[in-house]
$ cat protein.tsv   # TSV, C-alpha atoms
chain	number	residue	atom	x	y	z
N	1213	MET	CA	-23.22	21.05	14.75
N	1214	THR	CA	-21.53	18.51	12.49
N	1215	PHE	CA	-22.20	17.52	8.91
N	1216	SER	CA	-22.51	14.21	7.08
N	1217	TYR	CA	-22.46	12.91	3.52
N	1218	SER	CA	-23.92	9.74	1.98
N	1219	TYR	CA	-23.30	8.25	-1.45
N	1220	VAL	CA	-25.11	5.27	-2.96
N	1221	LEU	CA	-23.95	3.36	-6.00
N	1222	TYR	CA	-24.81	0.11	-7.72
N	1223	ILE	CA	-22.08	-2.22	-8.91
N	1224	GLU	CA	-22.20	-5.37	-10.99
N	1225	SER	CA	-20.31	-7.49	-8.47
N	1226	SER	CA	-20.76	-9.62	-5.36
N	1227	ALA	CA	-20.67	-8.56	-1.73
N	1228	PRO	CA	-17.47	-10.55	-1.02
N	1229	ASP	CA	-15.72	-8.89	-4.00
N	1230	VAL	CA	-16.76	-5.42	-2.86
N	1231	TRP	CA	-15.58	-6.23	0.68
N	1232	ARG	CA	-12.18	-7.39	-0.64
N	1233	ALA	CA	-11.88	-4.28	-2.81
N	1234	LEU	CA	-12.39	-2.09	0.27
N	1235	THR	CA	-10.11	-4.01	2.65
N	1236	ASP	CA	-7.33	-5.62	0.60
N	1237	PRO	CA	-4.33	-3.26	0.44
N	1238	ASP	CA	-3.31	-4.40	-3.06
N	1239	ARG	CA	-6.81	-3.90	-4.42
N	1240	THR	CA	-7.30	-0.48	-2.83
N	1241	ALA	CA	-3.96	0.55	-4.34
N	1242	GLU	CA	-5.34	-0.25	-7.80
N	1243	TYR	CA	-8.25	2.18	-7.75
N	1244	TRP	CA	-7.65	4.53	-4.77
N	1245	GLY	CA	-3.98	5.49	-5.00
N	1246	HIS	CA	-3.65	4.39	-1.37
N	1247	SER	CA	-3.49	1.04	0.37
N	1248	ASN	CA	-5.97	0.51	3.20
N	1249	VAL	CA	-3.94	-1.47	5.71
N	1250	SER	CA	-5.40	-3.26	8.76
N	1251	ASP	CA	-6.39	-6.68	10.02
N	1252	TRP	CA	-9.98	-5.28	9.96
N	1253	GLN	CA	-10.89	-6.48	13.43
N	1254	PRO	CA	-12.97	-4.21	15.69
N	1255	GLY	CA	-10.60	-2.11	17.80
N	1256	SER	CA	-7.70	-2.45	15.36
N	1257	ARG	CA	-5.90	0.50	13.81
N	1258	TRP	CA	-6.15	1.08	10.06
N	1259	GLU	CA	-4.08	3.33	7.79
N	1260	HIS	CA	-4.70	4.86	4.37
N	1261	ARG	CA	-1.12	4.68	3.00
N	1262	ARG	CA	0.21	6.32	-0.14
N	1263	THR	CA	1.30	4.01	-2.95
N	1264	ASP	CA	3.99	6.39	-4.26
N	1265	GLY	CA	6.74	4.49	-2.44
N	1266	THR	CA	6.67	6.68	0.69
N	1267	HIS	CA	3.94	4.61	2.45
N	1268	VAL	CA	2.90	7.79	4.27
N	1269	ALA	CA	-0.45	7.42	6.01
N	1270	ASP	CA	-2.70	10.34	5.04
N	1271	VAL	CA	-5.63	9.06	7.10
N	1272	VAL	CA	-5.65	6.82	10.17
N	1273	GLY	CA	-8.34	5.44	12.38
N	1274	THR	CA	-9.84	2.61	14.34
N	1275	VAL	CA	-12.06	-0.17	13.04
N	1276	LEU	CA	-15.34	0.17	14.96
N	1277	ALA	CA	-17.26	-2.67	13.27
N	1278	ALA	CA	-16.37	-5.31	10.70
N	1279	GLU	CA	-19.05	-7.69	9.50
N	1280	PRO	CA	-17.73	-9.27	6.28
N	1281	PRO	CA	-19.01	-8.94	3.65
N	1282	THR	CA	-21.82	-6.52	4.53
N	1283	ARG	CA	-20.67	-3.74	6.89
N	1284	LEU	CA	-17.49	-1.90	7.78
N	1285	VAL	CA	-17.28	1.12	10.11
N	1286	SER	CA	-14.13	3.02	11.00
N	1287	THR	CA	-13.01	6.37	12.32
N	1288	TRP	CA	-11.07	8.71	10.01
N	1289	ALA	CA	-8.62	11.36	11.19
N	1290	PRO	CA	-5.39	12.96	10.09
N	1291	PRO	CA	-2.32	11.26	11.58
N	1292	GLY	CA	-0.99	12.97	14.65
N	1293	GLY	CA	-4.18	14.50	15.91
N	1294	GLU	CA	-7.94	14.48	15.86
N	1295	PRO	CA	-10.09	17.44	14.88
N	1296	PRO	CA	-11.75	19.32	17.77
N	1297	GLN	CA	-15.08	17.56	17.17
N	1298	GLY	CA	-13.31	14.15	17.19
N	1299	PRO	CA	-12.63	11.86	14.25
N	1300	SER	CA	-15.13	11.46	11.48
N	1301	THR	CA	-16.72	8.05	10.92
N	1302	VAL	CA	-17.14	6.20	7.64
N	1303	THR	CA	-19.65	3.39	7.23
N	1304	PHE	CA	-19.73	1.05	4.23
N	1305	GLU	CA	-23.00	-0.87	3.86
N	1306	ILE	CA	-22.82	-3.62	1.22
N	1307	GLN	CA	-26.11	-5.14	0.10
N	1308	GLU	CA	-26.15	-7.88	-2.53
N	1309	TYR	CA	-29.13	-8.32	-4.84
N	1310	ALA	CA	-28.81	-11.01	-7.54
N	1311	GLU	CA	-25.84	-9.94	-9.69
N	1312	ILE	CA	-25.48	-6.45	-8.27
N	1313	VAL	CA	-24.45	-4.77	-5.05
N	1314	ARG	CA	-25.76	-1.56	-3.55
N	1315	LEU	CA	-22.90	0.14	-1.74
N	1316	THR	CA	-23.83	2.95	0.62
N	1317	VAL	CA	-21.01	5.05	2.04
N	1318	THR	CA	-21.84	7.44	4.88
N	1319	HIS	CA	-19.22	9.86	6.18
N	1320	GLU	CA	-20.31	11.46	9.46
N	1321	ASN	CA	-19.02	13.99	11.99
N	1322	LEU	CA	-17.57	16.34	9.40
N	1323	ALA	CA	-16.64	19.71	10.87
N	1324	ASP	CA	-18.41	22.07	8.48
N	1325	GLU	CA	-19.90	22.53	5.02
N	1326	ALA	CA	-16.46	22.91	3.43
N	1327	GLU	CA	-15.34	19.55	4.83
N	1328	ARG	CA	-18.63	17.97	3.71
N	1329	ALA	CA	-18.15	19.34	0.17
N	1330	GLU	CA	-14.57	18.02	0.10
N	1331	ALA	CA	-15.78	14.59	1.22
N	1332	ALA	CA	-18.48	14.63	-1.47
N	1333	ARG	CA	-15.93	15.36	-4.22
N	1334	GLY	CA	-13.52	12.74	-2.92
N	1335	TRP	CA	-16.06	9.96	-2.44
N	1336	ALA	CA	-17.65	10.52	-5.87
N	1337	ALA	CA	-14.23	10.14	-7.53
N	1338	VAL	CA	-13.04	7.15	-5.49
N	1339	LEU	CA	-16.33	5.26	-5.73
N	1340	SER	CA	-16.57	5.84	-9.49
N	1341	ASN	CA	-13.09	4.35	-9.80
N	1342	LEU	CA	-14.08	1.44	-7.53
N	1343	LYS	CA	-17.12	0.69	-9.69
N	1344	THR	CA	-15.05	0.71	-12.88
N	1345	TYR	CA	-12.37	-1.46	-11.25
N	1346	LEU	CA	-14.85	-4.09	-10.07
N	1347	GLU	CA	-16.82	-4.18	-13.32
N	1348	THR	CA	-13.89	-4.14	-15.78
N	1349	GLY	CA	-10.87	-5.35	-13.81
N	1350	ARG	CA	-9.05	-2.04	-14.26
N	1351	ALA	CA	-9.29	1.44	-12.80
N	1352	LEU	CA	-10.10	4.53	-14.86
N	1353	PRO	CA	-7.17	5.61	-17.07
N	1354	LYS	CA	-6.70	8.81	-15.02
N	1355	ALA	CA	-7.26	9.34	-11.29
N	1356	PRO	CA	-10.66	11.09	-11.22
N	1357	TRP	CA	-9.85	13.05	-8.04
N	1358	LEU	CA	-7.13	14.91	-9.99
N	1359	MET	CA	-9.63	16.30	-12.52
N	1360	PRO	CA	-9.95	20.08	-12.20

$ encode --input "protein.tsv" --output "structure tokens"
Amino acid sequence: MTFSYSYVLYIESSAPDVWRALTDPDRTAEYWGHSNVSDWQPGSRWEHRRTDGTHVADVVGTVLAAEPPTRLVSTWAPPGGEPPQGPSTVTFEIQEYAEIVRLTVTHENLADEAERAEAARGWAAVLSNLKTYLETGRALPKAPWLMP
């Protein structure tokens, strides 16, 4: 049995801007504390690299689907090895409606409830920061994932 987590948020933005914020390494560095690095073509590798100067990849994976600016699917795994159940999968669905976007993030194939709870905490923090970044041009003044 595996677990999954979905998060839906609404952003005053456009689908192309949300897509760029998810895939441009300089933009992800602004609100995520990591640069998402890839050419974003199906079958390509992607890395979630630290922005602290080390450029260490904390998460790696393969792009499974890329349909700019509406859908991005990739595997997620720690570098150097996949969990026993295989990598998890993250899907970003971007739906534009007038001046807003509904962004649905679904993280699937999580090993257990503890991993699902960790994903829920992480996605809530990152996506709140993404929303603020897109709507104001700046990230939150403190990284929300560091809040106790």

$ residues_around --input "protein.tsv" --residues "segment 1321-1327 of chain N" --least-positions-apart "6" --cutoff "7 Å" --atoms "only C-alpha atoms" --output "PyMOL selection string"
chain N and resi 1214-1216+1297+1300-1301

$ closest_residue --input "protein.tsv" --among "N:Leu1352, N:Val1268, N:Leu1358, N:Val1220" --to "Pro1290 of chain N" --atoms "all atoms listed in the file"
N:Val1268

$ residues_around --input "protein.tsv" --residues "Ala1337 of chain N" --least-positions-apart "6" --cutoff "9 Å" --atoms "only C-alpha atoms" --output "ChimeraX atom specification"
/N:1355-1358

$ atom_distance --input "protein.tsv" --atom1 "atom CA of Gly1245 of chain N" --atom2 "atom CA of Gly1265 of chain N"
11.1 Å

$ axis_aligned_box --input "protein.tsv" --around "segment 1269-1284 of chain N" --padding-each-side "4 Å" --output "JSON"
{"center_x": -11.1, "center_y": 0.5, "center_z": 9.3, "size_x": 29.4, "size_y": 27.6, "size_z": 19.3}

$ atom_distance --input "protein.tsv" --atom1 "atom CA of Pro1360 of chain N" --atom2 "atom CA of Ser1218 of chain N"
22.4 Å

$ closest_residue --input "protein.tsv" --among "N:His1246, N:Arg1232, N:Arg1350, N:Lys1343" --to "Val1313 of chain N" --atoms "all atoms listed in the file"
N:Lys1343

$ atom_distance --input "protein.tsv" --atom1 "atom CA of Leu1234 of chain N" --atom2 "atom CA of Ala1277 of chain N"
13.9 Å

$ closest_residue --input "protein.tsv" --among "N:Met1213, N:Thr1263, N:Tyr1219, N:Tyr1345" --to "Thr1303 of chain N" --atoms "all atoms listed in the file"
N:Tyr1219

$ residues_around --input "protein.tsv" --residues "Val1317 of chain N" --least-positions-apart "5" --cutoff "10 Å" --atoms "all atoms listed in the file" --output "MDAnalysis selection string"
chainID N and resid 1217:1221 1284:1285 1302:1306 1335 1339

$ build_atoms --input "protein.tsv" --residues "segment 1235-1256 of chain N" --atoms "N, CA and C atoms" --output "short mmCIF file (atom, residue, chain, number, x, y, z; two decimals), keeping the file's coordinate frame"
data_model
loop_
_atom_site.label_atom_id
_atom_site.label_comp_id
_atom_site.auth_asym_id
_atom_site.auth_seq_id
_atom_site.Cartn_x
_atom_site.Cartn_y
_atom_site.Cartn_z
N THR N 1235 -10.99 -3.64 1.52
CA THR N 1235 -10.11 -4.01 2.65
C THR N 1235 -8.77 -4.61 2.26
N ASP N 1236 -8.60 -5.03 1.02
CA ASP N 1236 -7.33 -5.62 0.60
C ASP N 1236 -6.39 -4.50 0.15
N PRO N 1237 -5.21 -4.38 0.77
CA PRO N 1237 -4.33 -3.26 0.44
C PRO N 1237 -3.90 -3.23 -1.03
N ASP N 1238 -3.70 -4.39 -1.65
CA ASP N 1238 -3.31 -4.40 -3.06
C ASP N 1238 -4.45 -3.94 -3.95
N ARG N 1239 -5.66 -4.32 -3.62
CA ARG N 1239 -6.81 -3.90 -4.42
C ARG N 1239 -7.09 -2.41 -4.24
N THR N 1240 -7.03 -1.91 -3.01
CA THR N 1240 -7.30 -0.48 -2.83
C THR N 1240 -6.24 0.36 -3.56
N ALA N 1241 -5.02 -0.15 -3.62
CA ALA N 1241 -3.96 0.55 -4.34
C ALA N 1241 -4.29 0.70 -5.82
N GLU N 1242 -5.01 -0.26 -6.37
CA GLU N 1242 -5.34 -0.25 -7.80
C GLU N 1242 -6.28 0.89 -8.18
N TYR N 1243 -7.26 1.20 -7.35
CA TYR N 1243 -8.25 2.18 -7.75
C TYR N 1243 -8.29 3.43 -6.86
N TRP N 1244 -7.56 3.43 -5.73
CA TRP N 1244 -7.65 4.53 -4.77
C TRP N 1244 -6.37 5.35 -4.68
N GLY N 1245 -5.25 4.79 -5.14
CA GLY N 1245 -3.98 5.49 -5.00
C GLY N 1245 -3.42 5.41 -3.59
N HIS N 1246 -4.07 4.65 -2.74
CA HIS N 1246 -3.65 4.39 -1.37
C HIS N 1246 -3.95 2.93 -1.05
N SER N 1247 -3.21 2.37 -0.14
CA SER N 1247 -3.49 1.04 0.37
C SER N 1247 -4.16 1.17 1.72
N ASN N 1248 -5.30 0.54 1.89
CA ASN N 1248 -5.97 0.51 3.20
C ASN N 1248 -5.41 -0.69 3.95
N VAL N 1249 -4.69 -0.44 5.03
CA VAL N 1249 -3.94 -1.47 5.71
C VAL N 1249 -4.48 -1.66 7.13
N SER N 1250 -4.91 -2.89 7.43
CA SER N 1250 -5.40 -3.26 8.76
C SER N 1250 -5.65 -4.76 8.77
N ASP N 1251 -5.89 -5.30 9.96
CA ASP N 1251 -6.39 -6.68 10.02
C ASP N 1251 -7.91 -6.68 10.04
N TRP N 1252 -8.53 -5.48 10.07
CA TRP N 1252 -9.98 -5.28 9.96
C TRP N 1252 -10.76 -5.97 11.06
N GLN N 1253 -10.19 -5.98 12.24
CA GLN N 1253 -10.89 -6.48 13.43
C GLN N 1253 -11.33 -5.27 14.26
N PRO N 1254 -12.53 -5.32 14.85
CA PRO N 1254 -12.97 -4.21 15.69
C PRO N 1254 -11.92 -3.88 16.76
N GLY N 1255 -11.61 -2.59 16.86
CA GLY N 1255 -10.60 -2.11 17.80
C GLY N 1255 -9.22 -1.96 17.19
N SER N 1256 -9.00 -2.54 16.01
CA SER N 1256 -7.70 -2.45 15.36
C SER N 1256 -7.51 -1.10 14.67
#
